[in-house]
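Colleague: Handing over data_12.cif, mmCIF, C-alpha atoms.
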data_coords
loop_
_atom_site.group_PDB
_atom_site.id
_atom_site.type_symbol
_atom_site.label_atom_id
_atom_site.label_comp_id
_atom_site.auth_asym_id
_atom_site.auth_seq_id
_atom_site.Cartn_x
_atom_site.Cartn_y
_atom_site.Cartn_z
ATOM 1 C CA ILE A 10 -14.596 10.298 -4.898
ATOM 2 C CA THR A 11 -12.200 12.343 -2.809
ATOM 3 C CA GLY A 12 -12.439 10.758 0.617
ATOM 4 C CA PRO A 13 -14.343 8.502 3.012
ATOM 5 C CA ALA A 14 -17.508 10.631 2.946
ATOM 6 C CA HIS A 15 -17.904 9.944 -0.788
ATOM 7 C CA LEU A 16 -17.609 6.190 -0.256
ATOM 8 C CA ALA A 17 -20.770 5.830 1.853
ATOM 9 C CA GLY A 18 -23.066 3.192 0.410
ATOM 10 C CA ARG A 19 -20.625 2.220 -2.354
ATOM 11 C CA ARG A 20 -18.989 -1.081 -3.289
ATOM 12 C CA ILE A 21 -15.453 -1.070 -1.865
ATOM 13 C CA ALA A 22 -12.821 -3.664 -2.842
ATOM 14 C CA VAL A 23 -10.291 -4.609 -0.146
ATOM 15 C CA SER A 24 -7.766 -7.409 0.310
ATOM 16 C CA GLU A 25 -8.461 -10.095 2.884
ATOM 17 C CA GLY A 26 -6.280 -10.028 5.957
ATOM 18 C CA THR A 27 -5.580 -6.267 5.756
ATOM 19 C CA VAL A 28 -6.590 -3.408 8.044
ATOM 20 C CA ARG A 29 -8.511 -1.812 5.170
ATOM 21 C CA ALA A 30 -11.502 -4.133 5.576
ATOM 22 C CA GLY A 31 -11.869 -3.044 9.200
ATOM 23 C CA LEU A 32 -11.278 0.602 8.323
ATOM 24 C CA THR A 33 -13.958 0.424 5.677
ATOM 25 C CA HIS A 34 -16.494 -1.061 8.107
ATOM 26 C CA ASP A 35 -15.551 1.505 10.794
ATOM 27 C CA ARG A 36 -15.229 4.677 8.706
ATOM 28 C CA VAL A 37 -17.519 4.262 5.698
ATOM 29 C CA PRO A 38 -21.208 4.015 6.600
ATOM 30 C CA GLY A 39 -23.254 1.636 4.497
ATOM 31 C CA ALA A 40 -20.343 0.473 2.364
ATOM 32 C CA GLU A 41 -20.603 -2.894 0.677
ATOM 33 C CA VAL A 42 -17.177 -4.350 1.448
ATOM 34 C CA ARG A 43 -15.966 -6.773 -1.208
ATOM 35 C CA ILE A 44 -13.085 -8.855 0.097
ATOM 36 C CA HIS A 45 -10.573 -10.185 -2.409
ATOM 37 C CA ARG A 46 -7.666 -12.603 -2.039
ATOM 38 C CA ASN A 47 -5.217 -9.876 -3.087
ATOM 39 C CA ALA A 48 -5.011 -6.252 -4.214
ATOM 40 C CA ILE A 49 -4.723 -6.950 -7.943
ATOM 41 C CA LEU A 50 -8.099 -8.736 -7.875
ATOM 42 C CA GLY A 51 -9.693 -5.780 -6.081
ATOM 43 C CA LEU A 52 -8.174 -3.285 -8.506
ATOM 44 C CA THR A 53 -9.310 -5.420 -11.435
ATOM 45 C CA ASP A 54 -12.862 -5.437 -10.041
ATOM 46 C CA LEU A 55 -12.651 -1.654 -9.880
ATOM 47 C CA THR A 56 -11.580 -1.348 -13.515
ATOM 48 C CA ARG A 57 -14.396 -3.698 -14.593
ATOM 49 C CA GLY A 58 -17.075 -1.712 -12.776
ATOM 50 C CA ARG A 59 -17.786 -4.360 -10.128
ATOM 51 C CA ALA A 60 -16.496 -2.030 -7.395
ATOM 52 C CA ASP A 61 -16.754 1.731 -7.010
ATOM 53 C CA ALA A 62 -13.417 2.042 -5.202
ATOM 54 C CA ALA A 63 -10.540 -0.105 -4.002
ATOM 55 C CA LEU A 64 -8.656 0.530 -0.788
ATOM 56 C CA VAL A 65 -5.055 -0.617 -1.059
ATOM 57 C CA SER A 66 -1.662 0.436 0.180
ATOM 58 C CA TRP A 67 -0.582 3.504 -1.787
ATOM 59 C CA PHE A 68 2.758 1.927 -2.719
ATOM 60 C CA GLN A 69 1.175 -1.348 -3.745
ATOM 61 C CA GLY A 70 -1.663 0.304 -5.652
ATOM 62 C CA VAL A 71 0.651 2.488 -7.717
ATOM 63 C CA HIS A 72 2.964 -0.441 -8.439
ATOM 64 C CA LEU A 73 0.172 -2.811 -9.477
ATOM 65 C CA ALA A 74 -1.640 -0.209 -11.573
ATOM 66 C CA THR A 75 1.581 0.684 -13.394
ATOM 67 C CA ARG A 76 2.715 -2.921 -13.853
ATOM 68 C CA HIS A 77 -0.647 -4.141 -15.148
ATOM 69 C CA GLY A 78 -1.680 -1.005 -17.042
ATOM 70 C CA LEU A 79 -4.799 -0.505 -14.933
ATOM 71 C CA PRO A 80 -6.648 2.776 -15.498
ATOM 72 C CA VAL A 81 -7.011 3.732 -11.824
ATOM 73 C CA THR A 82 -6.059 6.889 -9.952
ATOM 74 C CA ALA A 83 -5.283 7.391 -6.273
ATOM 75 C CA VAL A 84 -7.621 9.985 -4.752
ATOM 76 C CA GLY A 85 -8.257 11.554 -1.381
ATOM 77 C CA PRO A 86 -6.164 11.561 1.753
ATOM 78 C CA PRO A 87 -4.956 8.280 3.274
ATOM 79 C CA LEU A 88 -7.433 6.675 5.652
ATOM 80 C CA ARG A 89 -4.515 5.605 7.798
ATOM 81 C CA VAL A 90 -0.787 6.225 7.595
ATOM 82 C CA CYS A 91 1.572 3.595 8.901
ATOM 83 C CA ALA A 92 5.107 2.541 8.192
ATOM 84 C CA LEU A 93 5.543 -0.889 6.697
ATOM 85 C CA SER A 94 8.231 -3.070 8.148
ATOM 86 C CA MET A 95 10.055 -6.342 7.888
ATOM 87 C CA SER A 96 10.136 -8.889 10.681
ATOM 88 C CA PHE A 97 13.220 -10.814 11.739
ATOM 89 C CA GLY A 98 13.706 -13.625 14.197
ATOM 90 C CA ARG A 99 15.150 -12.603 17.537
ATOM 91 C CA ARG A 100 18.136 -14.808 16.835
ATOM 92 C CA SER A 101 19.062 -12.914 13.658
ATOM 93 C CA PRO A 102 20.587 -9.640 14.891
ATOM 94 C CA ALA A 103 23.400 -9.832 12.326
ATOM 95 C CA PHE A 104 20.883 -10.181 9.500
ATOM 96 C CA LEU A 105 18.867 -7.242 10.869
ATOM 97 C CA ARG A 106 22.015 -5.078 10.944
ATOM 98 C CA ALA A 107 22.874 -6.158 7.377
ATOM 99 C CA VAL A 108 19.399 -5.237 6.101
ATOM 100 C CA ASP A 109 19.424 -1.924 8.007
ATOM 101 C CA GLY A 110 22.823 -1.166 6.499
ATOM 102 C CA ALA A 111 21.729 -2.081 2.972
ATOM 103 C CA VAL A 112 18.541 0.005 3.127
ATOM 104 C CA GLY A 113 20.375 2.895 4.786
ATOM 105 C CA GLY A 114 23.019 2.746 2.079
ATOM 106 C CA MET A 115 20.364 2.744 -0.659
ATOM 107 C CA ILE A 116 18.727 5.792 0.899
ATOM 108 C CA GLY A 117 22.067 7.546 1.308
ATOM 109 C CA ASP A 118 23.399 6.966 -2.210
ATOM 110 C CA GLY A 119 20.079 7.591 -3.987
ATOM 111 C CA THR A 120 19.514 4.023 -5.175
ATOM 112 C CA LEU A 121 16.174 3.699 -3.365
ATOM 113 C CA THR A 122 14.996 6.972 -4.936
ATOM 114 C CA VAL A 123 15.873 5.760 -8.447
ATOM 115 C CA ILE A 124 14.258 2.344 -7.933
ATOM 116 C CA SER A 125 11.086 3.660 -6.305
ATOM 117 C CA ARG A 126 10.573 6.414 -8.867
ATOM 118 C CA ARG A 127 10.826 3.832 -11.629
ATOM 119 C CA TRP A 128 8.524 1.238 -10.087
ATOM 120 C CA LEU A 129 6.162 3.365 -7.969
ATOM 121 C CA GLY A 130 4.944 5.933 -10.469
ATOM 122 C CA GLY A 131 7.495 8.609 -9.640
ATOM 123 C CA LEU A 132 7.179 8.317 -5.852
ATOM 124 C CA ASP A 133 10.418 8.856 -3.948
ATOM 125 C CA MET A 134 10.194 6.192 -1.255
ATOM 126 C CA ALA A 135 13.392 7.459 0.386
ATOM 127 C CA ALA A 136 11.750 10.853 0.957
ATOM 128 C CA GLU A 137 8.673 9.122 2.378
ATOM 129 C CA LEU A 138 10.832 7.068 4.761
ATOM 130 C CA ARG A 139 12.592 10.214 5.968
ATOM 131 C CA ARG A 140 9.169 11.735 6.873
ATOM 132 C CA THR A 141 7.805 8.635 8.602
ATOM 133 C CA PRO A 142 8.722 7.989 12.225
ATOM 134 C CA VAL A 143 10.119 4.486 12.521
ATOM 135 C CA GLY A 144 10.458 2.472 15.685
ATOM 136 C CA ARG A 145 11.367 -1.042 16.700
ATOM 137 C CA THR A 146 9.318 -3.391 18.749
ATOM 138 C CA GLY A 147 10.304 -6.504 20.609
#
Is it possible to express this structure as C-alpha coordinates?
Modeller:
Amino acid sequence: ITGPAHLAGRRIAVSEGTVRAGLTHDRVPGAEVRIHRNAILGLTDLTRGRADAALVSWFQGVHLATRHGLPVTAVGPPLRVCALSMSFGRRSPAFLRAVDGAVGGMIGDGTLTVISRRWLGGLDMAAELRRTPVGRTG
(Lines of atoms letter the chains of each structure in order from A and count residues from 1; the text may use other names and numbers.)
(Lines give C-alpha, C1' and ligand atoms only; values in the text may rest on other atoms or scores of the structure.)
Protein backbone atom coordinates (compact mmCIF):
# COMPACT_ATOMS: atom_id res chain seq x y z
CA ILE A 1 0.00 0.00 0.00
CA THR A 2 1.56 3.26 -1.11
CA GLY A 3 -1.42 5.55 -1.55
CA PRO A 4 -5.18 5.93 -1.95
CA ALA A 5 -5.33 3.88 -5.16
CA HIS A 6 -4.07 0.81 -3.27
CA LEU A 7 -6.76 1.20 -0.61
CA ALA A 8 -9.73 0.63 -2.93
CA GLY A 9 -11.97 -2.12 -1.62
CA ARG A 10 -9.94 -2.58 1.58
CA ARG A 11 -10.87 -2.36 5.26
CA ILE A 12 -9.77 1.07 6.53
CA ALA A 13 -9.67 1.97 10.24
CA VAL A 14 -10.40 5.61 11.12
CA SER A 15 -11.24 7.49 14.31
CA GLU A 16 -14.77 8.79 14.79
CA GLY A 17 -15.18 12.53 14.59
CA THR A 18 -12.15 13.05 12.31
CA VAL A 19 -11.90 14.22 8.70
CA ARG A 20 -10.32 10.89 7.75
CA ALA A 21 -13.66 9.06 7.67
CA GLY A 22 -14.98 11.56 5.13
CA LEU A 23 -11.73 11.50 3.16
CA THR A 24 -11.87 7.74 3.00
CA HIS A 25 -15.45 7.76 1.68
CA ASP A 26 -14.60 10.52 -0.84
CA ARG A 27 -11.19 9.35 -2.08
CA VAL A 28 -11.10 5.57 -1.71
CA PRO A 29 -13.65 3.75 -3.88
CA GLY A 30 -15.24 0.70 -2.34
CA ALA A 31 -13.43 1.01 0.98
CA GLU A 32 -14.99 -0.60 4.02
CA VAL A 33 -14.61 2.19 6.58
CA ARG A 34 -14.27 0.91 10.13
CA ILE A 35 -14.87 3.69 12.62
CA HIS A 36 -13.19 3.44 16.01
CA ARG A 37 -13.52 5.54 19.16
CA ASN A 38 -9.85 6.54 18.93
CA ALA A 39 -6.69 6.04 16.88
CA ILE A 40 -5.09 3.44 19.14
CA LEU A 41 -8.09 1.13 18.62
CA GLY A 42 -7.83 1.55 14.84
CA LEU A 43 -4.09 0.90 14.87
CA THR A 44 -4.62 -2.14 17.08
CA ASP A 45 -7.19 -3.49 14.60
CA LEU A 46 -4.58 -3.03 11.89
CA THR A 47 -1.94 -4.99 13.80
CA ARG A 48 -4.44 -7.79 14.47
CA GLY A 49 -5.41 -8.14 10.82
CA ARG A 50 -8.95 -6.79 11.23
CA ALA A 51 -8.11 -3.78 9.05
CA ASP A 52 -5.87 -3.47 6.00
CA ALA A 53 -4.87 0.12 6.78
CA ALA A 54 -5.47 2.82 9.36
CA LEU A 55 -5.72 6.50 8.52
CA VAL A 56 -4.50 8.65 11.39
CA SER A 57 -2.67 11.90 11.90
CA TRP A 58 1.00 11.33 11.09
CA PHE A 59 2.14 12.79 14.42
CA GLN A 60 -0.39 10.79 16.40
CA GLY A 61 0.26 7.57 14.50
CA VAL A 62 4.01 7.70 15.03
CA HIS A 63 3.58 8.56 18.71
CA LEU A 64 1.05 5.80 19.40
CA ALA A 65 2.98 3.17 17.43
CA THR A 66 6.19 4.02 19.28
CA ARG A 67 4.55 4.25 22.71
CA HIS A 68 2.65 0.98 22.36
CA GLY A 69 5.24 -0.95 20.34
CA LEU A 70 2.88 -1.45 17.41
CA PRO A 71 4.45 -2.93 14.27
CA VAL A 72 3.02 -0.40 11.80
CA THR A 73 4.70 1.79 9.21
CA ALA A 74 3.54 5.06 7.67
CA VAL A 75 3.32 4.76 3.88
CA GLY A 76 2.32 6.92 0.95
CA PRO A 77 1.79 10.64 0.72
CA PRO A 78 -0.61 12.40 3.10
CA LEU A 79 -4.22 12.42 1.93
CA ARG A 80 -4.55 15.90 3.34
CA VAL A 81 -2.09 18.28 4.97
CA CYS A 82 -3.34 20.69 7.58
CA ALA A 83 -1.87 22.48 10.54
CA LEU A 84 -3.21 21.48 13.91
CA SER A 85 -4.06 24.24 16.31
CA MET A 86 -5.21 25.09 19.78
CA SER A 87 -8.35 27.08 20.48
CA PHE A 88 -8.62 29.82 23.08
CA GLY A 89 -11.56 31.82 24.33
CA ARG A 90 -11.84 35.32 22.92
CA ARG A 91 -11.43 36.68 26.42
CA SER A 92 -8.02 35.05 26.90
CA PRO A 93 -5.64 37.16 24.79
CA ALA A 94 -2.99 37.13 27.54
CA PHE A 95 -3.07 33.33 27.66
CA LEU A 96 -2.81 33.15 23.86
CA ARG A 97 0.25 35.43 23.92
CA ALA A 98 1.80 33.31 26.70
CA VAL A 99 1.29 30.08 24.73
CA ASP A 100 2.58 31.69 21.51
CA GLY A 101 5.64 32.89 23.41
CA ALA A 102 6.27 29.49 25.01
CA VAL A 103 5.96 27.58 21.72
CA GLY A 104 8.03 30.20 19.88
CA GLY A 105 10.69 29.95 22.56
CA MET A 106 10.73 26.15 22.33
CA ILE A 107 11.16 26.37 18.56
CA GLY A 108 13.88 29.00 18.89
CA ASP A 109 15.98 27.25 21.53
CA GLY A 110 15.61 23.75 20.07
CA THR A 111 13.50 22.30 22.88
CA LEU A 112 10.62 21.39 20.56
CA THR A 113 13.05 19.61 18.22
CA VAL A 114 14.49 17.53 21.08
CA ILE A 115 11.06 16.65 22.49
CA SER A 116 9.48 15.80 19.14
CA ARG A 117 12.41 13.71 17.95
CA ARG A 118 12.21 11.69 21.16
CA TRP A 119 8.45 11.15 21.16
CA LEU A 120 7.59 11.25 17.44
CA GLY A 121 10.00 8.72 15.99
CA GLY A 122 12.72 11.19 15.05
CA LEU A 123 10.40 13.77 13.46
CA ASP A 124 11.46 17.38 13.98
CA MET A 125 8.13 19.08 14.65
CA ALA A 126 9.81 22.50 14.72
CA ALA A 127 10.98 22.01 11.13
CA GLU A 128 7.47 20.91 10.14
CA LEU A 129 5.96 24.01 11.76
CA ARG A 130 8.39 26.25 9.89
CA ARG A 131 7.19 24.71 6.57
CA THR A 132 3.48 24.91 7.36
CA PRO A 133 1.64 28.18 6.76
CA VAL A 134 -0.18 29.14 9.93
CA GLY A 135 -3.02 31.61 10.22
CA ARG A 136 -5.47 32.78 12.83
CA THR A 137 -9.19 32.80 12.57
CA GLY A 138 -11.77 34.67 14.57
Colleague: Which residues match the PyMOL selection byres ((chain A and resi 51) around 9) in the file above, as an mmCIF file with C-alpha atoms, keeping the file's coordinate frame?
Modeller:
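Once everything was written out, this is result_13.cif:
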data_model
loop_
_atom_site.group_PDB
_atom_site.id
_atom_site.type_symbol
_atom_site.label_atom_id
_atom_site.label_comp_id
_atom_site.auth_asym_id
_atom_site.auth_seq_id
_atom_site.Cartn_x
_atom_site.Cartn_y
_atom_site.Cartn_z
ATOM 1 C CA ILE A 21 -15.453 -1.070 -1.865
ATOM 2 C CA ALA A 22 -12.821 -3.664 -2.842
ATOM 3 C CA VAL A 23 -10.291 -4.609 -0.146
ATOM 4 C CA SER A 24 -7.766 -7.409 0.310
ATOM 5 C CA ARG A 43 -15.966 -6.773 -1.208
ATOM 6 C CA ILE A 44 -13.085 -8.855 0.097
ATOM 7 C CA HIS A 45 -10.573 -10.185 -2.409
ATOM 8 C CA ARG A 46 -7.666 -12.603 -2.039
ATOM 9 C CA ASN A 47 -5.217 -9.876 -3.087
ATOM 10 C CA ALA A 48 -5.011 -6.252 -4.214
ATOM 11 C CA ILE A 49 -4.723 -6.950 -7.943
ATOM 12 C CA LEU A 50 -8.099 -8.736 -7.875
ATOM 13 C CA LEU A 52 -8.174 -3.285 -8.506
ATOM 14 C CA THR A 53 -9.310 -5.420 -11.435
ATOM 15 C CA ASP A 54 -12.862 -5.437 -10.041
ATOM 16 C CA LEU A 55 -12.651 -1.654 -9.880
ATOM 17 C CA THR A 56 -11.580 -1.348 -13.515
ATOM 18 C CA ALA A 60 -16.496 -2.030 -7.395
ATOM 19 C CA ALA A 62 -13.417 2.042 -5.202
ATOM 20 C CA ALA A 63 -10.540 -0.105 -4.002
ATOM 21 C CA LEU A 64 -8.656 0.530 -0.788
ATOM 22 C CA VAL A 65 -5.055 -0.617 -1.059
#
Colleague: So, with only C-alpha atoms as the atoms that count, which of A:Trp128, A:Pro102, A:Asp133, A:Thr11 lies closest to A:Gly70?
Modeller: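 Answer, going by the shortest atom-to-atom distance: A:Trp128.
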Colleague: Report the distance between atom CA of A:Arg89 and atom CA of A:Gly12 in Å, rounded to one decimal place.
Modeller: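 Going from atom CA of A:Arg89 over to atom CA of A:Gly12, I get 11.9 Å.
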Colleague: Under the rule that only C-alpha atoms are counted, which of A:Pro80, A:Gly31, A:Pro38, A:Gly131 is the nearest residue to A:Pro13?
Modeller: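 Closest to A:Pro13, using only C-alpha atoms: A:Pro38.
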Colleague: Closest to A:Gly117 among A:Ala103, A:Ala136, A:Val71, A:Leu129, using only C-alpha atoms?
Modeller: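 Closest residue, counting only C-alpha atoms: A:Ala136.
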Colleague: Report as a PDB file with C-alpha atoms, in the coordinates of the input the full result of the PyMOL selection byres ((chain A and resi 88) around 12) when it is applied to this structure.
Modeller:
ATOM      1  CA  THR A  11     -12.200  12.343  -2.809  1.00  0.00           C
ATOM      2  CA  GLY A  12     -12.439  10.758   0.617  1.00  0.00           C
ATOM      3  CA  PRO A  13     -14.343   8.502   3.012  1.00  0.00           C
ATOM      4  CA  ALA A  14     -17.508  10.631   2.946  1.00  0.00           C
ATOM      5  CA  LEU A  16     -17.609   6.190  -0.256  1.00  0.00           C
ATOM      6  CA  VAL A  28      -6.590  -3.408   8.044  1.00  0.00           C
ATOM      7  CA  ARG A  29      -8.511  -1.812   5.170  1.00  0.00           C
ATOM      8  CA  ALA A  30     -11.502  -4.133   5.576  1.00  0.00           C
ATOM      9  CA  GLY A  31     -11.869  -3.044   9.200  1.00  0.00           C
ATOM     10  CA  LEU A  32     -11.278   0.602   8.323  1.00  0.00           C
ATOM     11  CA  THR A  33     -13.958   0.424   5.677  1.00  0.00           C
ATOM     12  CA  ASP A  35     -15.551   1.505  10.794  1.00  0.00           C
ATOM     13  CA  ARG A  36     -15.229   4.677   8.706  1.00  0.00           C
ATOM     14  CA  VAL A  37     -17.519   4.262   5.698  1.00  0.00           C
ATOM     15  CA  LEU A  64      -8.656   0.530  -0.788  1.00  0.00           C
ATOM     16  CA  VAL A  65      -5.055  -0.617  -1.059  1.00  0.00           C
ATOM     17  CA  SER A  66      -1.662   0.436   0.180  1.00  0.00           C
ATOM     18  CA  TRP A  67      -0.582   3.504  -1.787  1.00  0.00           C
ATOM     19  CA  VAL A  84      -7.621   9.985  -4.752  1.00  0.00           C
ATOM     20  CA  GLY A  85      -8.257  11.554  -1.381  1.00  0.00           C
ATOM     21  CA  PRO A  86      -6.164  11.561   1.753  1.00  0.00           C
ATOM     22  CA  PRO A  87      -4.956   8.280   3.274  1.00  0.00           C
ATOM     23  CA  ARG A  89      -4.515   5.605   7.798  1.00  0.00           C
ATOM     24  CA  VAL A  90      -0.787   6.225   7.595  1.00  0.00           C
ATOM     25  CA  CYS A  91       1.572   3.595   8.901  1.00  0.00           C
TER      26      CYS A  91
END
Colleague: Please compute the atom CA of A:Gly98-atom CA of A:Met134 distance, one decimal, in Å.
Modeller: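 Atom CA of A:Met134 lies at a distance of 25.4 Å from atom CA of A:Gly98.
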Colleague: Which is closer to A:Gly119 than all the others in A:Phe104, A:Ala135, A:Gly58, A:His77, using all atoms listed in the file?
Modeller: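 Distance minimum relative to A:Gly119 lands on A:Ala135.
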Colleague: Give as number ranges by chain the residues that the PyMOL selection byres ((chain A and resi 19) around 7) matches when applied to the coordinates above.
Modeller: A: 16-18, 20-21, 40-41, 61
Colleague: Which neighbours of A:Ile116 fall inside 12 Å, counting only C-alpha atoms, when residues of the same chain fewer than 4 positions from it are skipped, and could you give them as a ChimeraX atom specification?
Modeller: /A:109-112,120-125,133-139
Colleague: Taking into account all atoms listed in the file, which residue in the set A:His34, A:His15, A:His72, A:Arg106 is nearest to A:Leu132?
Modeller: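 Using all atoms listed in the file, A:Leu132 sits closest to A:His72.
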Colleague: Quick one: pull the distance between atom CA of A:Ser96 and atom CA of A:Ala83, Å, one decimal.
Modeller: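 Atom-to-atom, atom CA of A:Ser96 to atom CA of A:Ala83, that is 28.1 Å.
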Colleague: Could you check which of A:Met115, A:Val42, A:Met95, A:Ile10 is closest to A:Thr82, using only C-alpha atoms?
Modeller: A:Ile10
